[in-house]
Every structure is written in structure tokens, then in C-alpha cells.
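S.K.: My structure is in coords-v8.cif, and what it holds is mmCIF, C-alpha atoms:
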data_my_file
#
loop_
_atom_site.label_atom_id
_atom_site.label_comp_id
_atom_site.auth_asym_id
_atom_site.auth_seq_id
_atom_site.Cartn_x
_atom_site.Cartn_y
_atom_site.Cartn_z
CA ASP A 1 10.67 3.57 -13.77
CA GLY A 2 10.24 0.09 -12.33
CA GLY A 3 8.95 -0.35 -8.83
CA ILE A 4 6.23 -1.48 -6.50
CA THR A 5 3.03 0.48 -6.00
CA GLN A 6 0.92 0.04 -2.90
CA SER A 7 -2.49 1.59 -2.50
CA PRO A 8 -4.09 3.17 -0.68
CA LYS A 9 -1.39 4.85 1.40
CA TYR A 10 -3.82 5.49 4.25
CA LEU A 11 -7.02 3.58 4.97
CA PHE A 12 -9.58 3.90 7.73
CA ARG A 13 -12.16 1.21 8.34
CA LYS A 14 -14.72 0.31 10.94
CA GLU A 15 -14.31 -2.79 13.01
CA GLY A 16 -15.77 -5.88 11.35
CA GLN A 17 -15.20 -4.74 7.77
CA ASN A 18 -12.93 -6.54 5.33
CA VAL A 19 -10.39 -4.38 3.52
CA THR A 20 -8.15 -5.13 0.53
CA LEU A 21 -4.71 -3.60 0.09
CA SER A 22 -3.33 -3.44 -3.43
CA CYS A 23 0.25 -4.29 -4.45
CA GLU A 24 1.43 -4.04 -8.07
CA GLN A 25 4.98 -4.42 -9.39
CA ASN A 26 6.48 -3.87 -12.85
CA LEU A 27 9.90 -5.31 -12.04
CA ASN A 28 9.13 -8.71 -13.59
CA HIS A 29 9.86 -10.29 -10.20
CA ASP A 30 8.59 -13.79 -9.52
CA ALA A 31 8.40 -13.59 -5.72
CA MET A 32 6.15 -11.29 -3.73
CA TYR A 33 5.73 -10.82 0.02
CA TRP A 34 3.44 -9.12 2.54
CA TYR A 35 4.81 -7.95 5.87
CA ARG A 36 3.17 -6.25 8.81
CA GLN A 37 5.07 -3.71 10.90
CA ASP A 38 4.08 -2.60 14.39
CA PRO A 39 6.10 -0.25 16.62
CA GLY A 40 8.96 -2.17 18.22
CA GLN A 41 8.05 -5.42 16.41
CA GLY A 42 10.08 -5.25 13.23
CA LEU A 43 8.68 -6.84 10.05
CA ARG A 44 6.53 -9.96 10.43
CA LEU A 45 5.72 -12.09 7.39
CA ILE A 46 2.04 -12.55 6.57
CA TYR A 47 2.03 -14.37 3.19
CA TYR A 48 4.45 -14.91 0.35
CA SER A 49 4.28 -16.20 -3.21
CA GLN A 50 7.04 -17.57 -5.41
CA ILE A 51 4.95 -18.10 -8.58
CA VAL A 52 1.56 -17.24 -10.00
CA ASN A 53 -1.39 -19.18 -8.54
CA ASP A 54 0.66 -20.35 -5.56
CA PHE A 55 1.27 -18.79 -2.15
CA GLN A 56 2.31 -19.84 1.36
CA LYS A 57 1.43 -18.70 4.86
CA GLY A 58 3.99 -16.71 6.76
CA ASP A 59 4.29 -16.43 10.53
CA ILE A 60 1.11 -14.40 11.17
CA ALA A 61 -1.35 -15.43 8.40
CA GLU A 62 -4.44 -15.79 10.62
CA GLY A 63 -7.11 -13.25 9.66
CA TYR A 64 -5.54 -12.47 6.28
CA SER A 65 -6.00 -13.79 2.74
CA VAL A 66 -4.17 -13.27 -0.55
CA SER A 67 -4.38 -14.16 -4.22
CA ARG A 68 -1.76 -14.32 -6.99
CA GLU A 69 -3.67 -14.47 -10.27
CA LYS A 70 -1.12 -12.35 -12.14
CA LYS A 71 2.64 -12.09 -11.80
CA GLU A 72 2.40 -8.34 -11.27
CA SER A 73 -0.25 -8.32 -8.56
CA PHE A 74 -0.48 -9.66 -4.99
CA PRO A 75 -3.45 -8.13 -3.12
CA LEU A 76 -3.89 -8.64 0.62
CA THR A 77 -7.31 -8.82 2.28
CA VAL A 78 -7.52 -8.05 5.97
CA THR A 79 -10.60 -9.87 7.16
CA SER A 80 -12.83 -9.22 10.14
CA ALA A 81 -11.22 -12.26 11.78
CA GLN A 82 -7.96 -10.34 12.25
CA LYS A 83 -8.09 -9.30 15.91
CA ASN A 84 -5.77 -6.31 15.76
CA PRO A 85 -5.54 -5.09 12.17
CA THR A 86 -4.30 -1.55 12.79
CA ALA A 87 -0.72 -1.55 11.45
CA PHE A 88 1.66 -0.51 8.67
CA TYR A 89 1.58 -3.04 5.82
CA LEU A 90 4.51 -3.49 3.45
CA CYS A 91 4.57 -5.33 0.14
CA ALA A 92 7.86 -6.47 -1.39
CA SER A 93 9.11 -8.39 -4.39
CA ALA A 94 12.29 -10.19 -5.43
CA SER A 95 13.77 -11.94 -8.42
CA SER A 96 13.63 -15.71 -8.22
CA GLY A 97 16.41 -16.92 -5.94
CA ALA A 98 17.81 -13.43 -5.36
CA ASN A 99 16.44 -12.73 -1.86
CA VAL A 100 17.06 -8.96 -2.19
CA LEU A 101 13.69 -7.36 -1.54
CA THR A 102 12.30 -4.24 -3.20
CA PHE A 103 9.63 -2.66 -1.03
CA GLY A 104 6.62 -0.52 -1.74
CA ALA A 105 5.93 2.66 0.21
CA GLY A 106 3.50 0.91 2.55
CA SER A 107 -0.16 1.17 3.48
CA ARG A 108 -1.22 2.34 6.91
CA LEU A 109 -4.49 0.77 8.03
CA THR A 110 -6.39 2.17 10.99
CA VAL A 111 -9.43 0.35 12.28
CA LEU A 112 -11.76 2.56 14.28
CA GLU B 1 14.49 -22.03 14.93
CA ASP B 2 15.81 -19.45 12.50
CA GLN B 3 16.19 -16.13 14.27
CA VAL B 4 17.62 -12.65 13.79
CA THR B 5 18.39 -10.38 16.76
CA GLN B 6 19.46 -6.77 16.47
CA SER B 7 21.02 -4.56 19.12
CA PRO B 8 20.71 -2.00 20.46
CA GLU B 9 17.01 -1.28 19.94
CA ALA B 10 17.74 2.44 19.78
CA LEU B 11 20.89 4.54 19.62
CA ARG B 12 21.40 8.28 19.95
CA LEU B 13 24.71 9.73 18.78
CA GLN B 14 26.14 13.17 18.36
CA GLU B 15 27.02 14.18 14.81
CA GLY B 16 30.49 12.80 14.05
CA GLU B 17 30.36 10.17 16.82
CA SER B 18 31.11 6.78 15.23
CA SER B 19 29.47 3.56 16.44
CA SER B 20 28.32 0.09 15.39
CA LEU B 21 25.01 -1.74 15.15
CA ASN B 22 24.84 -5.49 15.69
CA CYS B 23 22.85 -8.24 13.97
CA SER B 24 23.22 -11.80 15.26
CA TYR B 25 21.60 -14.75 13.50
CA THR B 26 20.90 -18.43 14.12
CA VAL B 27 20.45 -19.80 10.61
CA SER B 28 22.44 -22.77 9.41
CA GLY B 29 23.69 -22.63 5.85
CA LEU B 30 23.57 -18.85 5.54
CA ARG B 31 22.41 -17.79 2.07
CA GLY B 32 23.15 -14.13 2.51
CA LEU B 33 22.65 -11.42 5.13
CA PHE B 34 20.92 -8.23 4.09
CA TRP B 35 20.92 -4.71 5.55
CA TYR B 36 18.14 -2.21 4.86
CA ARG B 37 17.50 1.40 5.85
CA GLN B 38 13.96 2.54 6.67
CA ASP B 39 12.87 6.16 7.05
CA PRO B 40 9.71 6.90 9.09
CA GLY B 41 6.51 6.08 7.21
CA LYS B 42 8.35 4.60 4.22
CA GLY B 43 9.33 1.19 2.93
CA PRO B 44 12.82 -0.17 3.65
CA GLU B 45 15.58 0.45 1.11
CA PHE B 46 18.27 -2.12 0.37
CA LEU B 47 21.82 -1.27 1.49
CA PHE B 48 24.09 -4.34 1.42
CA THR B 49 24.28 -8.08 0.92
CA LEU B 50 26.99 -10.15 2.62
CA TYR B 51 27.51 -13.83 1.85
CA SER B 52 30.60 -15.12 3.62
CA ALA B 53 32.54 -14.55 6.84
CA GLY B 54 35.15 -11.84 6.43
CA GLU B 55 33.27 -10.06 3.68
CA GLU B 56 32.92 -6.27 3.92
CA LYS B 57 30.82 -3.76 1.96
CA GLU B 58 30.96 0.04 2.11
CA LYS B 59 28.68 2.86 1.11
CA GLU B 60 29.50 6.44 2.08
CA ARG B 61 29.70 6.47 5.92
CA LEU B 62 28.42 2.90 6.30
CA LYS B 63 30.44 -0.30 6.35
CA ALA B 64 28.91 -3.75 6.85
CA THR B 65 30.93 -6.74 8.01
CA LEU B 66 30.08 -10.41 8.52
CA THR B 67 31.32 -13.18 10.84
CA LYS B 68 29.99 -16.72 11.23
CA LYS B 69 27.47 -15.64 13.85
CA GLU B 70 26.85 -11.92 13.41
CA SER B 71 27.09 -8.84 11.25
CA PHE B 72 28.02 -5.30 12.18
CA LEU B 73 26.98 -2.06 10.53
CA HIS B 74 29.66 0.49 11.31
CA ILE B 75 28.75 4.16 11.00
CA THR B 76 31.71 6.52 10.72
CA ALA B 77 31.31 10.23 11.48
CA PRO B 78 27.53 10.12 11.06
CA LYS B 79 25.41 13.07 9.97
CA PRO B 80 21.81 13.86 10.95
CA GLU B 81 20.60 12.52 7.59
CA ASP B 82 21.82 9.06 8.65
CA SER B 83 19.02 8.98 11.20
CA ALA B 84 16.74 6.04 10.35
CA THR B 85 15.85 2.52 11.39
CA TYR B 86 18.36 -0.06 10.18
CA LEU B 87 17.03 -3.56 9.55
CA CYS B 88 18.88 -6.83 9.13
CA ALA B 89 17.41 -9.87 7.33
CA VAL B 90 18.35 -13.43 6.38
CA PRO B 91 16.67 -16.09 4.23
CA ALA B 92 15.26 -18.94 6.32
CA ASN B 93 17.05 -22.26 6.18
CA ARG B 94 14.22 -24.56 5.06
CA ASP B 95 11.82 -22.45 3.03
CA ASP B 96 11.57 -19.23 1.03
CA LYS B 97 10.82 -16.96 3.98
CA ILE B 98 12.98 -13.91 4.63
CA ILE B 99 13.32 -13.18 8.33
CA PHE B 100 13.87 -9.68 9.68
CA GLY B 101 15.24 -8.48 12.98
CA LYS B 102 13.34 -5.82 14.92
CA GLY B 103 15.71 -3.10 13.78
CA THR B 104 17.85 -0.44 15.42
CA ARG B 105 16.46 3.10 15.53
CA LEU B 106 19.39 5.44 15.01
CA HIS B 107 19.13 9.13 15.84
CA ILE B 108 22.01 11.48 15.03
CA LEU B 109 21.91 14.77 16.90
CA PRO B 110 23.30 17.88 15.15
#
Could you spell out this file's structure in C-alpha cells?
M.R.:
Amino acid sequence: DGGITQSPKYLFRKEGQNVTLSCEQNLNHDAMYWYRQDPGQGLRLIYYSQIVNDFQKGDIAEGYSVSREKKESFPLTVTSAQKNPTAFYLCASASSGANVLTFGAGSRLTVL
Amino acid sequence: EDQVTQSPEALRLQEGESSSLNCSYTVSGLRGLFWYRQDPGKGPEFLFTLYSAGEEKEKERLKATLTKKESFLHITAPKPEDSATYLCAVPANRDDKIIFGKGTRLHILP
């Protein structure tokens, strides 16, 4: 079945460490997105990519980095520069121009 | 600035008690309004897309409607399994961003 796979589902890290969240899709979608969700804050856009080897900053990109070397993959690195990284991270994808997002199951990052 | 506002933030209803959730938007040249359902600890699931004022979509006990400034998600005779957070989203006017509201947490009491 087609879908989006995020891993790991839960991740614990010490303060000051970089962590990378994986996002893989087999839907043949061109566009991919990373959102962060905090209680009461809704979904806030971190980065998005419309095509391979190209990506744009969202509304809260500071402290994060991404790459899009393959159409299927859009990993997110949470760097030590991110001041409050503990959150629920959601990856999504969409067909070009469609705007309907398919989401992964999410990754919950806790920084101790 | 493109913006999506949802109300109320939270809603508790008795089973069978119908109500409506609101999503207002300030995006010129609307290119679709999207409703999603999110269960705790999971990713959102797509429910409906609406494109033009007057359009309506239905799925089981849910009906989404659209005007020029807002959308409503009507829930008729809800059941406890309808409890979830309902999110509204629109594509931004000038770029490829998709903007979400903060959601409405719906709790249906048996």
C-alpha cells in the first residue's frame, strides 16, 4: 500500500545533540512538507519542497535543516540551534498542484 | 497576511447533540479549503476539499460548507467515535505553503 513512513516514532535526545527524522513516501508525490505541532498551536510549517534538489523555508525554519536528494525522501535535521525542539513532527506529501496532503504518523521528539 | 482561524478551540457535546465548527480565512484567490481529522498521537487524515462558495460535501455525520469568508463543519447526531481534533487548511496566496488553523478539539460524551 502507498503511504508515508516516518521514523522513529519516538525519539529522546540530550540537549545540544542534532537529530535527524526520516520521511519516506511511495506515492510518487512531487511535493513534501515538514510541520511541527505543539499543544494548542496547530500545525506550523518548517520546510517544504516542490521538486528534487530544491526546498524553501516555512514559517519556523530556524534551527532546522532539510535535504531533498531523492523524490521519495525528505529528512529533517533538528539542530542544536533549535531552542525548544521538544514537539510532535509531521511529514506530508502531495501531488503537484493538488494541495491535498497525505500525512505520516508523526515523530515525537523529546529533548531531555 | 494569509490566515486561518478556527473556533471554538474545544467543544464538548453529548452523543446525538448536533453542532458546527467554524473556519474563517483571509486568503485572496482561494484555491481550495481543506478539512482534516486528527486522532491523538496520529497524523491528520483528509476529509473534504471545497473550492467555491455554496459548495457542500458530506461524509457520514459530517457536512462541510463554504462561503466567501468561512467554512463550517456541521456534525449531525455525533457519536463518541467522532471525537478528534478537526483541522482546516488553505493554500497560501503567493507561494506553495499550506496554512493550517489551530484546530477544534471535539469531545463527544456517551
S.K.: Got a sec to resolve the PyMOL selection byres ((chain B and resi 89-104) around 7) on this structure and send the residues as a list in words?
M.R.: Gly40, Gln41, Gly42, Leu43 and Asn99 of chain A; Asp2, Val4, Thr5, Gln6, Ser7, Pro8, Glu9, Ala10, Val27, Ser28, Gly29, Arg31, Gly32, Leu33, Phe34, Trp35, Thr85, Tyr86, Leu87, Cys88, Arg105 and Leu106 of chain B
S.K.: Report as a PDB file with C-alpha atoms, in the frame of the given file the full result of the PyMOL selection byres ((chain B and resi 107) around 12) when it is applied to this structure.
M.R.:
ATOM      1  CA  GLU B   9      17.010  -1.280  19.940  1.00  0.00           C
ATOM      2  CA  ALA B  10      17.740   2.440  19.780  1.00  0.00           C
ATOM      3  CA  LEU B  11      20.890   4.540  19.620  1.00  0.00           C
ATOM      4  CA  ARG B  12      21.400   8.280  19.950  1.00  0.00           C
ATOM      5  CA  LEU B  13      24.710   9.730  18.780  1.00  0.00           C
ATOM      6  CA  GLN B  14      26.140  13.170  18.360  1.00  0.00           C
ATOM      7  CA  GLU B  15      27.020  14.180  14.810  1.00  0.00           C
ATOM      8  CA  GLU B  17      30.360  10.170  16.820  1.00  0.00           C
ATOM      9  CA  SER B  19      29.470   3.560  16.440  1.00  0.00           C
ATOM     10  CA  ASP B  39      12.870   6.160   7.050  1.00  0.00           C
ATOM     11  CA  PRO B  40       9.710   6.900   9.090  1.00  0.00           C
ATOM     12  CA  ILE B  75      28.750   4.160  11.000  1.00  0.00           C
ATOM     13  CA  PRO B  78      27.530  10.120  11.060  1.00  0.00           C
ATOM     14  CA  LYS B  79      25.410  13.070   9.970  1.00  0.00           C
ATOM     15  CA  PRO B  80      21.810  13.860  10.950  1.00  0.00           C
ATOM     16  CA  GLU B  81      20.600  12.520   7.590  1.00  0.00           C
ATOM     17  CA  ASP B  82      21.820   9.060   8.650  1.00  0.00           C
ATOM     18  CA  SER B  83      19.020   8.980  11.200  1.00  0.00           C
ATOM     19  CA  ALA B  84      16.740   6.040  10.350  1.00  0.00           C
ATOM     20  CA  THR B  85      15.850   2.520  11.390  1.00  0.00           C
ATOM     21  CA  TYR B  86      18.360  -0.060  10.180  1.00  0.00           C
ATOM     22  CA  THR B 104      17.850  -0.440  15.420  1.00  0.00           C
ATOM     23  CA  ARG B 105      16.460   3.100  15.530  1.00  0.00           C
ATOM     24  CA  LEU B 106      19.390   5.440  15.010  1.00  0.00           C
ATOM     25  CA  ILE B 108      22.010  11.480  15.030  1.00  0.00           C
ATOM     26  CA  LEU B 109      21.910  14.770  16.900  1.00  0.00           C
ATOM     27  CA  PRO B 110      23.300  17.880  15.150  1.00  0.00           C
TER      28      PRO B 110
END
S.K.: Could you put an axis-aligned box around every listed atom of range 44-62 of chain A, padded by 5 Å on each side, and send me its centre and edge lengths in Å to one decimal, as JSON?
M.R.:
{"center_x": 1.3, "center_y": -15.2, "center_z": 0.6, "size_x": 21.5, "size_y": 20.4, "size_z": 31.2}
S.K.: Using the chain letters and residue numbers of this document, give as an MDAnalysis selection string the residues selected by the PyMOL selection byres ((chain A and resi 91) around 6).
M.R.: chainID A and resid 33:34 90 92 103:104
S.K.: Do you have the CA of Arg108 in chain A-CA of Gln50 in chain A distance handy?
M.R.: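 Distance between the two atoms: 24.8 Å.
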S.K.: With a distance cut-off of 9 Å and all atoms listed in the file, select the neighbouring residues of range 25-30 of chain A, excluding the residue or stretch itself and same-chain residues fewer than 6 positions from it, and output the selection as a list in words.
M.R.: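 Residues near the query, excluding close chain neighbours: Asp1, Gly2, Gly3, Ile4, Thr5, Gln6, Ser49, Gln50, Ile51, Val52, Lys71, Glu72, Ser73, Phe74, Ala92, Ser93, Ala94, Ser95, Ser96 and Gly104 of chain A.
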S.K.: Just how far from CA of Lys9 in chain A is CA of Gly63 in chain A, in Å to one decimal?
M.R.: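 Here the two named atoms are 20.7 Å from each other.
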